[in-house]
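Below is model05.cif, holding mmCIF, C-alpha atoms and all ligand atoms.
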data_coords
loop_
_atom_site.label_atom_id
_atom_site.label_comp_id
_atom_site.auth_asym_id
_atom_site.auth_seq_id
_atom_site.Cartn_x
_atom_site.Cartn_y
_atom_site.Cartn_z
CA MET U 5 -123.65 -15.13 -115.86
CA ASN U 6 -127.24 -15.63 -117.04
CA VAL U 7 -127.73 -17.45 -120.31
CA LEU U 8 -130.58 -18.80 -122.38
CA LEU U 9 -129.71 -22.45 -122.88
CA LEU U 10 -131.06 -24.93 -125.40
CA LYS U 11 -131.16 -27.76 -122.86
CA LYS U 12 -132.63 -30.30 -125.24
CA TYR U 13 -134.53 -29.95 -128.48
CA MET U 14 -137.68 -27.87 -128.00
CA GLU U 15 -136.64 -26.87 -124.50
CA MET U 16 -135.10 -23.49 -123.71
CA GLU U 17 -134.11 -22.74 -120.17
CA LEU U 18 -132.70 -19.78 -118.28
CA ALA U 19 -129.49 -21.02 -116.73
CA GLU U 20 -126.26 -19.86 -115.14
CA MET U 21 -122.85 -20.47 -116.66
CA PRO U 22 -119.38 -19.19 -115.84
CA LYS U 23 -118.34 -16.03 -117.71
CA PRO U 24 -116.32 -17.06 -120.79
CA ALA U 25 -112.55 -16.68 -120.56
CA THR U 26 -110.95 -13.82 -122.52
CA GLY U 27 -108.03 -15.25 -124.51
CA PRO U 28 -105.05 -13.05 -125.46
CA ASP U 29 -106.61 -12.16 -128.85
CA ASP U 30 -110.21 -11.91 -127.63
CA VAL U 31 -112.50 -9.22 -126.40
CA LEU U 32 -115.17 -9.95 -123.81
CA VAL U 33 -118.44 -8.32 -124.82
CA ARG U 34 -121.29 -7.47 -122.46
CA VAL U 35 -124.20 -8.34 -124.77
CA LYS U 36 -126.85 -5.63 -125.09
CA ALA U 37 -128.93 -7.04 -127.94
CA CYS U 38 -129.08 -10.39 -129.73
CA GLY U 39 -131.54 -11.28 -132.47
CA ILE U 40 -133.31 -14.61 -132.82
CA CYS U 41 -132.39 -15.90 -136.28
CA GLY U 42 -134.55 -18.20 -138.37
CA SER U 43 -131.68 -20.67 -138.17
CA ASP U 44 -131.98 -20.64 -134.37
CA ILE U 45 -135.62 -21.70 -134.68
CA HIS U 46 -134.57 -24.54 -136.99
CA GLY U 47 -131.85 -25.41 -134.49
CA PHE U 48 -134.34 -25.31 -131.61
CA ASP U 49 -136.37 -28.20 -133.06
CA GLY U 50 -133.28 -30.14 -134.10
CA SER U 51 -134.18 -30.10 -137.79
CA THR U 52 -130.78 -28.84 -138.94
CA GLY U 53 -128.53 -30.78 -136.57
CA ARG U 54 -126.49 -27.58 -136.14
CA ARG U 55 -127.54 -26.83 -132.54
CA ILE U 56 -126.76 -30.06 -130.68
CA PRO U 57 -127.79 -29.39 -127.04
CA PRO U 58 -126.70 -28.17 -124.64
CA ILE U 59 -125.84 -24.96 -126.48
CA VAL U 60 -126.27 -21.23 -125.95
CA MET U 61 -127.45 -20.05 -129.37
CA GLY U 62 -127.41 -16.47 -130.68
CA HIS U 63 -125.06 -15.07 -133.31
CA GLU U 64 -126.61 -11.70 -134.21
CA ALA U 65 -125.45 -9.45 -131.42
CA ALA U 66 -124.03 -6.13 -130.28
CA GLY U 67 -122.78 -4.87 -126.95
CA VAL U 68 -120.05 -3.13 -124.99
CA ILE U 69 -116.51 -4.36 -124.48
CA GLU U 70 -115.91 -5.29 -120.86
CA GLU U 71 -112.38 -6.62 -121.06
CA THR U 72 -109.65 -7.10 -123.67
CA GLY U 73 -106.94 -9.75 -124.06
CA ALA U 74 -103.23 -8.95 -123.82
CA ASN U 75 -102.69 -8.75 -127.61
CA VAL U 76 -105.68 -6.53 -128.30
CA LYS U 77 -104.56 -3.03 -129.35
CA ASP U 78 -107.45 -1.49 -131.27
CA PHE U 79 -110.28 -1.97 -128.80
CA ARG U 80 -110.72 -0.98 -125.19
CA ALA U 81 -113.25 -1.49 -122.42
CA GLY U 82 -116.33 0.64 -123.03
CA ASP U 83 -116.23 0.43 -126.85
CA ARG U 84 -119.63 -0.23 -128.40
CA VAL U 85 -119.21 -3.09 -130.88
CA THR U 86 -120.77 -5.78 -132.99
CA PHE U 87 -119.08 -8.87 -134.40
CA ASP U 88 -119.20 -11.19 -137.34
CA SER U 89 -120.92 -14.42 -136.44
CA THR U 90 -118.59 -16.34 -138.73
CA VAL U 91 -115.15 -17.08 -137.38
CA SER U 92 -112.90 -17.93 -140.34
CA CYS U 93 -109.36 -19.30 -140.09
CA GLY U 94 -107.53 -16.68 -142.17
CA ASP U 95 -105.11 -19.28 -143.56
CA CYS U 96 -106.97 -21.58 -145.93
CA PHE U 97 -107.14 -21.25 -149.72
CA PHE U 98 -110.46 -19.37 -149.57
CA CYS U 99 -109.59 -17.01 -146.70
CA ARG U 100 -106.43 -16.02 -148.53
CA ARG U 101 -108.52 -15.13 -151.57
CA GLY U 102 -110.70 -12.88 -149.40
CA GLU U 103 -113.61 -15.33 -149.44
CA SER U 104 -113.89 -15.83 -145.70
CA ASN U 105 -117.51 -16.96 -146.06
CA LEU U 106 -116.21 -20.04 -147.89
CA CYS U 107 -113.49 -20.82 -145.32
CA ASP U 108 -112.64 -24.52 -144.97
CA HIS U 109 -112.56 -24.18 -141.19
CA ARG U 110 -115.48 -21.81 -140.75
CA GLN U 111 -117.13 -21.79 -137.33
CA VAL U 112 -120.25 -19.90 -136.39
CA LEU U 113 -120.94 -18.54 -132.93
CA GLY U 114 -123.88 -20.16 -131.19
CA ILE U 115 -123.56 -23.40 -133.18
CA SER U 116 -122.77 -26.91 -132.07
CA CYS U 117 -122.39 -29.63 -134.65
CA GLU U 118 -120.31 -32.76 -135.08
CA ASP U 119 -117.10 -30.75 -135.48
CA TYR U 120 -117.30 -28.03 -132.84
CA ARG U 121 -119.35 -26.22 -130.19
CA ARG U 122 -119.19 -22.42 -129.75
CA HIS U 123 -121.58 -20.85 -127.29
CA GLY U 124 -123.37 -17.78 -128.61
CA ALA U 125 -124.77 -14.49 -127.43
CA PHE U 126 -128.06 -15.29 -125.71
CA ALA U 127 -125.98 -14.60 -122.64
CA GLU U 128 -124.74 -11.69 -120.60
CA TYR U 129 -121.22 -12.10 -121.98
CA ILE U 130 -119.52 -13.56 -125.01
CA SER U 131 -115.84 -13.75 -125.85
CA VAL U 132 -115.02 -13.01 -129.50
CA PRO U 133 -111.70 -13.01 -131.42
CA GLN U 134 -110.73 -9.37 -132.07
CA ASN U 135 -110.42 -9.91 -135.87
CA PHE U 136 -114.18 -10.25 -136.12
CA VAL U 137 -115.13 -7.25 -133.98
CA TYR U 138 -116.30 -3.88 -135.37
CA LYS U 139 -116.85 -0.59 -133.55
CA LEU U 140 -120.32 0.88 -133.84
CA PRO U 141 -120.87 4.38 -135.20
CA ASP U 142 -122.21 6.57 -132.34
CA ALA U 143 -125.57 6.97 -134.05
CA LEU U 144 -126.20 3.23 -134.33
CA ARG U 145 -128.35 1.60 -131.67
CA PHE U 146 -127.49 -1.85 -130.32
CA GLU U 147 -130.70 -3.45 -131.54
CA HIS U 148 -130.10 -2.12 -135.05
CA ALA U 149 -126.48 -3.26 -134.99
CA ALA U 150 -127.73 -6.72 -134.02
CA MET U 151 -129.43 -6.83 -137.44
CA ILE U 152 -126.12 -6.53 -139.26
CA GLU U 153 -125.77 -10.20 -140.15
CA ALA U 154 -129.07 -10.17 -142.04
CA VAL U 155 -128.14 -6.84 -143.66
CA SER U 156 -124.77 -8.20 -144.73
CA VAL U 157 -126.38 -11.29 -146.31
CA ALA U 158 -128.58 -9.03 -148.44
CA VAL U 159 -125.77 -6.61 -149.30
CA HIS U 160 -123.47 -9.52 -150.25
CA ALA U 161 -126.13 -11.06 -152.50
CA ALA U 162 -126.86 -7.70 -154.14
CA GLY U 163 -123.11 -7.28 -154.66
CA LEU U 164 -122.89 -10.60 -156.51
CA THR U 165 -125.80 -9.60 -158.75
CA PRO U 166 -124.74 -7.88 -162.00
CA VAL U 167 -126.77 -4.67 -161.70
CA ALA U 168 -126.61 -1.82 -164.20
CA LEU U 169 -128.03 1.59 -163.35
CA GLY U 170 -131.78 1.66 -163.94
CA ASP U 171 -132.21 -2.13 -164.16
CA THR U 172 -135.50 -3.76 -163.33
CA ALA U 173 -135.22 -6.29 -160.50
CA VAL U 174 -137.60 -8.88 -159.14
CA VAL U 175 -137.23 -10.03 -155.54
CA VAL U 176 -139.15 -13.23 -154.83
CA GLY U 177 -139.81 -13.48 -151.10
CA SER U 178 -140.46 -10.41 -148.95
CA GLY U 179 -139.42 -11.77 -145.59
CA MET U 180 -136.58 -10.17 -143.70
CA ILE U 181 -133.79 -10.93 -146.16
CA GLY U 182 -136.04 -10.03 -149.07
CA LEU U 183 -136.90 -6.66 -147.55
CA LEU U 184 -133.20 -5.98 -146.99
CA ALA U 185 -132.41 -7.18 -150.53
CA ILE U 186 -134.91 -4.67 -151.92
CA GLN U 187 -133.13 -1.87 -150.04
CA SER U 188 -129.69 -3.12 -151.15
CA LEU U 189 -130.72 -3.34 -154.81
CA ARG U 190 -132.15 0.17 -154.66
CA LEU U 191 -128.81 1.40 -153.31
CA ARG U 192 -127.02 -0.35 -156.17
CA GLY U 193 -129.03 1.69 -158.66
CA CYS U 194 -131.95 -0.47 -159.71
CA GLY U 195 -134.76 1.54 -161.29
CA ARG U 196 -137.81 -0.63 -160.83
CA ILE U 197 -137.94 -3.22 -158.06
CA ILE U 198 -140.85 -5.64 -158.04
CA ALA U 199 -141.45 -7.39 -154.72
CA VAL U 200 -143.17 -10.77 -154.81
CA ASP U 201 -144.70 -12.62 -151.87
CA ILE U 202 -147.91 -14.39 -150.89
CA ASP U 203 -148.50 -12.16 -147.84
CA ASP U 204 -150.04 -8.72 -148.39
CA ALA U 205 -148.72 -7.34 -145.09
CA ARG U 206 -145.17 -8.10 -146.19
CA LEU U 207 -145.78 -6.60 -149.62
CA LYS U 208 -147.03 -3.41 -147.98
CA LEU U 209 -143.79 -3.24 -146.01
CA ALA U 210 -141.82 -3.95 -149.21
CA ALA U 211 -143.45 -0.91 -150.82
CA GLU U 212 -142.59 1.24 -147.79
CA LEU U 213 -138.97 0.10 -147.97
CA GLY U 214 -138.40 0.85 -151.63
CA ALA U 215 -140.16 -1.66 -153.89
CA THR U 216 -141.72 0.28 -156.77
CA ASN U 217 -144.22 -2.50 -157.52
CA VAL U 218 -145.59 -5.44 -155.58
CA ALA U 219 -147.19 -8.69 -156.75
CA ASN U 220 -149.00 -11.29 -154.69
CA ALA U 221 -148.15 -14.62 -156.30
CA GLN U 222 -151.39 -16.11 -155.00
CA ASN U 223 -153.63 -13.91 -157.10
CA CYS U 224 -151.39 -12.60 -159.86
CA ASP U 225 -149.54 -14.15 -162.82
CA VAL U 226 -146.23 -12.67 -161.70
CA PRO U 227 -144.15 -13.28 -164.88
CA ALA U 228 -146.93 -11.79 -167.03
CA HIS U 229 -147.13 -8.80 -164.68
CA VAL U 230 -143.36 -8.28 -164.91
CA ARG U 231 -143.40 -8.55 -168.70
CA GLY U 232 -146.18 -5.96 -168.72
CA LEU U 233 -143.93 -3.57 -166.82
CA THR U 234 -140.89 -4.17 -169.06
CA GLY U 235 -142.19 -3.83 -172.61
CA GLY U 236 -142.76 -7.58 -172.84
CA ARG U 237 -139.09 -8.34 -172.21
CA GLY U 238 -138.81 -9.43 -168.58
CA ALA U 239 -136.65 -8.25 -165.69
CA ASP U 240 -132.88 -7.80 -165.95
CA ILE U 241 -132.13 -9.43 -162.64
CA ALA U 242 -133.91 -11.40 -159.96
CA MET U 243 -133.19 -12.52 -156.45
CA GLU U 244 -134.79 -15.56 -154.81
CA VAL U 245 -134.87 -15.53 -151.03
CA VAL U 246 -137.24 -18.39 -150.25
CA GLY U 247 -135.45 -21.51 -151.47
CA ALA U 248 -138.12 -23.74 -153.02
CA THR U 249 -139.14 -24.94 -156.48
CA GLN U 250 -142.12 -22.63 -157.01
CA PRO U 251 -140.46 -19.31 -156.11
CA VAL U 252 -137.28 -20.20 -158.03
CA GLN U 253 -139.39 -21.01 -161.09
CA THR U 254 -141.28 -17.75 -160.67
CA ALA U 255 -138.03 -15.80 -160.48
CA LEU U 256 -136.68 -17.49 -163.61
CA ALA U 257 -139.90 -16.93 -165.54
CA CYS U 258 -139.71 -13.20 -164.72
CA LEU U 259 -136.25 -12.78 -166.28
CA ARG U 260 -135.45 -11.54 -169.74
CA LYS U 261 -133.04 -13.46 -171.98
CA GLY U 262 -129.52 -13.02 -170.66
CA GLY U 263 -130.84 -12.09 -167.22
CA ALA U 264 -129.27 -13.07 -163.92
CA LEU U 265 -130.75 -14.81 -160.90
CA THR U 266 -129.08 -14.71 -157.51
CA LEU U 267 -130.12 -17.55 -155.22
CA VAL U 268 -130.13 -16.76 -151.51
CA GLY U 269 -132.96 -18.89 -150.11
CA ASN U 270 -132.05 -22.47 -149.36
CA SER U 271 -134.84 -23.97 -147.30
CA SER U 272 -135.10 -26.96 -149.71
CA PRO U 273 -132.01 -29.09 -150.30
CA ASN U 274 -133.17 -29.82 -153.88
CA ILE U 275 -135.52 -28.09 -156.30
CA GLU U 276 -136.81 -28.70 -159.81
CA LEU U 277 -135.00 -26.40 -162.22
CA PRO U 278 -136.37 -25.64 -165.73
CA LEU U 279 -133.05 -26.46 -167.32
CA GLN U 280 -133.88 -25.66 -170.94
CA SER U 281 -135.28 -22.27 -170.03
CA VAL U 282 -132.03 -21.45 -168.21
CA VAL U 283 -129.73 -22.74 -170.93
CA THR U 284 -131.52 -21.53 -174.05
CA ARG U 285 -132.12 -18.08 -172.60
CA GLN U 286 -128.55 -17.90 -171.27
CA ILE U 287 -129.55 -17.11 -167.71
CA LYS U 288 -126.79 -16.59 -165.15
CA LEU U 289 -127.35 -18.39 -161.84
CA THR U 290 -125.31 -17.44 -158.78
CA GLY U 291 -125.54 -18.83 -155.27
CA SER U 292 -124.83 -16.36 -152.48
CA CYS U 293 -123.65 -17.51 -149.06
CA ALA U 294 -123.51 -15.37 -145.91
CA SER U 295 -121.21 -12.37 -146.38
CA SER U 296 -117.55 -11.63 -146.66
CA GLY U 297 -116.07 -8.26 -145.82
CA GLU U 298 -119.30 -6.26 -146.01
CA TYR U 299 -119.63 -5.40 -142.29
CA PRO U 300 -117.99 -1.93 -142.36
CA ALA U 301 -120.15 -0.82 -145.31
CA CYS U 302 -123.26 -2.25 -143.63
CA LEU U 303 -122.53 -0.40 -140.38
CA ASP U 304 -122.30 2.84 -142.34
CA LEU U 305 -125.51 2.14 -144.26
CA LEU U 306 -127.34 1.36 -141.01
CA ALA U 307 -125.98 4.41 -139.18
CA ARG U 308 -127.01 6.70 -142.04
CA GLY U 309 -130.45 5.11 -142.30
CA ALA U 310 -129.73 4.17 -145.93
CA ILE U 311 -130.86 0.68 -144.94
CA ARG U 312 -133.75 0.72 -142.48
CA VAL U 313 -134.19 -2.15 -140.04
CA GLU U 314 -136.53 -0.68 -137.42
CA PRO U 315 -139.64 -1.73 -139.42
CA LEU U 316 -138.33 -5.32 -139.37
CA ILE U 317 -138.10 -5.55 -135.59
CA THR U 318 -141.20 -7.22 -134.20
CA ALA U 319 -140.26 -7.06 -130.51
CA LYS U 320 -137.48 -6.28 -128.08
CA ALA U 321 -137.65 -8.40 -124.96
CA PRO U 322 -135.53 -9.36 -121.96
CA LEU U 323 -133.63 -12.66 -122.02
CA THR U 324 -136.17 -14.08 -119.58
CA ASP U 325 -138.81 -13.85 -122.32
CA GLY U 326 -136.56 -15.93 -124.59
CA PRO U 327 -138.19 -19.32 -123.99
CA SER U 328 -141.68 -18.02 -124.76
CA TRP U 329 -140.47 -16.16 -127.88
CA PHE U 330 -138.82 -19.31 -129.20
CA HIS U 331 -142.12 -21.15 -128.89
CA ARG U 332 -144.09 -18.31 -130.45
CA LEU U 333 -141.71 -18.09 -133.41
CA TYR U 334 -141.62 -21.87 -133.77
CA ASN U 335 -145.43 -21.80 -133.93
CA ARG U 336 -145.22 -19.19 -136.70
CA GLU U 337 -146.43 -16.14 -134.80
CA PRO U 338 -148.34 -14.09 -137.39
CA ASN U 339 -146.41 -11.13 -138.86
CA ALA U 340 -143.35 -11.83 -136.74
CA MET U 341 -140.02 -10.89 -138.23
CA LYS U 342 -137.06 -10.14 -135.98
CA VAL U 343 -137.23 -10.54 -132.22
CA ILE U 344 -134.33 -9.00 -130.32
CA LEU U 345 -133.47 -10.29 -126.86
CA GLU U 346 -131.71 -7.92 -124.47
CA PRO U 347 -129.65 -9.95 -121.95
ZN ZN U 401 -128.54 -15.41 -138.38
ZN ZN U 402 -110.17 -20.24 -143.84
#
As a first step, turn the structure in this file into structure tokens.
Amino acid sequence: MNVLLLKKYMEMELAEMPKPATGPDDVLVRVKACGICGSDIHGFDGSTGRRIPPIVMGHEAAGVIEETGANVKDFRAGDRVTFDSTVSCGDCFFCRRGESNLCDHRQVLGISCEDYRRHGAFAEYISVPQNFVYKLPDALRFEHAAMIEAVSVAVHAAGLTPVALGDTAVVVGSGMIGLLAIQSLRLRGCGRIIAVDIDDARLKLAAELGATNVANAQNCDVPAHVRGLTGGRGADIAMEVVGATQPVQTALACLRKGGALTLVGNSSPNIELPLQSVVTRQIKLTGSCASSGEYPACLDLLARGAIRVEPLITAKAPLTDGPSWFHRLYNREPNAMKVILEP
């Protein structure tokens, strides 16, 4: 089969590999769409150490079942499906509590690190354990289903955020996860949602996707603006989806006393936290990692158009365009969000 291979860091190549074997509990999926994730770009240049070459990356995919293993009862050839990129063990302390995202033996498709290598979905075929496979609603297109990982990250984070009906929320960062977080918070009943970014094009998209107010942090005192909208009090909740000192501090400064901040962004390993402001104002801080159990709800939200992903798709391209798209995204192609490859 044809694959897009990370041959060495900074070098993607179209290659041929044998079709993966279908184990007794696996389904073999003919991949129809696979998104390039930000983490793939960071894997491409070797900065994360999570894509040790040679590796076929790609963990945000959808396709059609080609073949099923002997123990597979609920799926058959021809089913349109997507799958969770995280393969959890099902047996550890965390899995048994229903927190599969925190699994001690978690593996992610399309990752190779010190502990394991699992080829991903920038390929014509991928074999996936049946427990992580979900049928697509008829109305849901493959390229939209391939966005489900990002959607589930936002839905999971919104689910961890203590929202009351009519709350005012601030979302700092209006990239892909931020734009999905805005939509998720609106679905959870937030009244006012203030989108913050430093890019006006993204803020315009945020407004189209449900933000009631937008603020460009480069030319606006965001906390003062938020206080102005909330009777001087500050927002009830905030979500940070960048992962750096400045945006975390902005999010905290926007909150009212007793407010809650959900941290999703994690581009910096460490940040400077205004400790006294958190403690003396009794702010709740929650980290949110990946997702756990949200896929069925996300499929329904996508199929009904309750969460819109089409505006986040920058391009759909054949696998052969993969190498050039990796370079363009690595070089920070202006206004690029999600690129979907179609093997
Ligand atoms: Zn991803
Ligand atoms: Zn586990």
### Message
What residues of the protein or nucleic acid chains come within 6 Å of ligand ZN 402 (chain U) when you use all atoms listed in the file? Reply as a PyMOL selection string.
### Response
chain U and resi 92-96+98-99+107-109
#### Entry: Env. residues ligand ZN 401 (chain U) / 7 Å / all atoms listed in the file / as a VMD selection string
chain U and resid 41 to 43 63 to 64 153 to 154
Selection file, C-alpha atoms, as a PDB file, in the frame of the given file:
ATOM      1  CA  CYS U  41    -132.390 -15.900-136.280  1.00  0.00           C
ATOM      2  CA  GLY U  42    -134.550 -18.200-138.370  1.00  0.00           C
ATOM      3  CA  SER U  43    -131.680 -20.670-138.170  1.00  0.00           C
ATOM      4  CA  HIS U  63    -125.060 -15.070-133.310  1.00  0.00           C
ATOM      5  CA  GLU U  64    -126.610 -11.700-134.210  1.00  0.00           C
ATOM      6  CA  GLU U 153    -125.770 -10.200-140.150  1.00  0.00           C
ATOM      7  CA  ALA U 154    -129.070 -10.170-142.040  1.00  0.00           C
TER       8      ALA U 154
END
### Task
For range 263-274 of chain U, list every protein, DNA or RNA residue within 8 Å, evaluated using only C-alpha atoms, and leave out those in the same chain fewer than 5 positions away; present the list as a PyMOL selection string.
chain U and resi 161+164-166+239-248+255-256+286-293
### Message
Report as a list in words all protein, DNA and RNA residues lying within 8 Å of Phe136 in chain U, evaluated on all atoms listed in the file, omitting residues in the same chain fewer than 5 positions from it.
### Response
Phe87, Asp88, Ser89, Thr90 and Val91 of chain U
Per residue of range 108-177 of chain U within 10 Å of range 14-20 of chain U, which atom pair is closest and at what distance in Å (one decimal), using all atoms listed in the file, listed by chain and increasing number, as JSON lines?
{"residue": "U:Phe126", "atom": "CA", "partner": "U:Leu18", "partner_atom": "CA", "distance": 9.8}
{"residue": "U:Ala127", "atom": "CA", "partner": "U:Glu20", "partner_atom": "CA", "distance": 9.2}
{"residue": "U:Glu128", "atom": "CA", "partner": "U:Glu20", "partner_atom": "CA", "distance": 9.9}
### Message
Report, in Å with one decimal, the straight-line distance from CA of Leu345 in chain U to CA of Gly177 in chain U.
### Response
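Distance reported for this atom pair: 25.3 Å.
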### Query
Quick one: of U:Ile40, U:Gly124, U:Arg145, U:Ile311, who's nearest to Gln187 in chain U, counting only C-alpha atoms?
U:Ile311
### Query
So which one's closest to Gln111 in chain U, U:His123, U:His148, U:Lys11, U:His229? Using only C-alpha atoms, please.
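The answer is U:His123, which sits nearest to Gln111 in chain U.
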### Query
So what do you get for CA of Leu306 in chain U versus CA of Arg55 in chain U, distance-wise?
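CA of Arg55 in chain U lies 29.4 Å from CA of Leu306 in chain U.
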### Query
From the list U:Val157, U:Ile59, U:Ala66, U:Val76, which residue is nearest Asp29 in chain U when using all atoms listed in the file?
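Comparing U:Val157, U:Ile59, U:Ala66, U:Val76 against Asp29 in chain U, the winner is U:Val76.
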### Task
Figure out the distance between CA of Ala210 in chain U and CA of Ile198 in chain U, please, to one decimal in Å.
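These two atoms are separated by 9.0 Å.
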### Query
When distances are computed from all atoms listed in the file, which of U:Ala74, U:Ile186, U:Val313, U:Ile115 shows the smallest separation from Met151 in chain U?
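The shortest atom-to-atom distance to Met151 in chain U comes from U:Val313.
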### Message
Could you check the closest approach to Ala143 in chain U for each of U:Leu303, U:Leu233, U:Val343, U:Ala257 and tell me which residue wins, using all atoms listed in the file?
### Response
U:Leu303
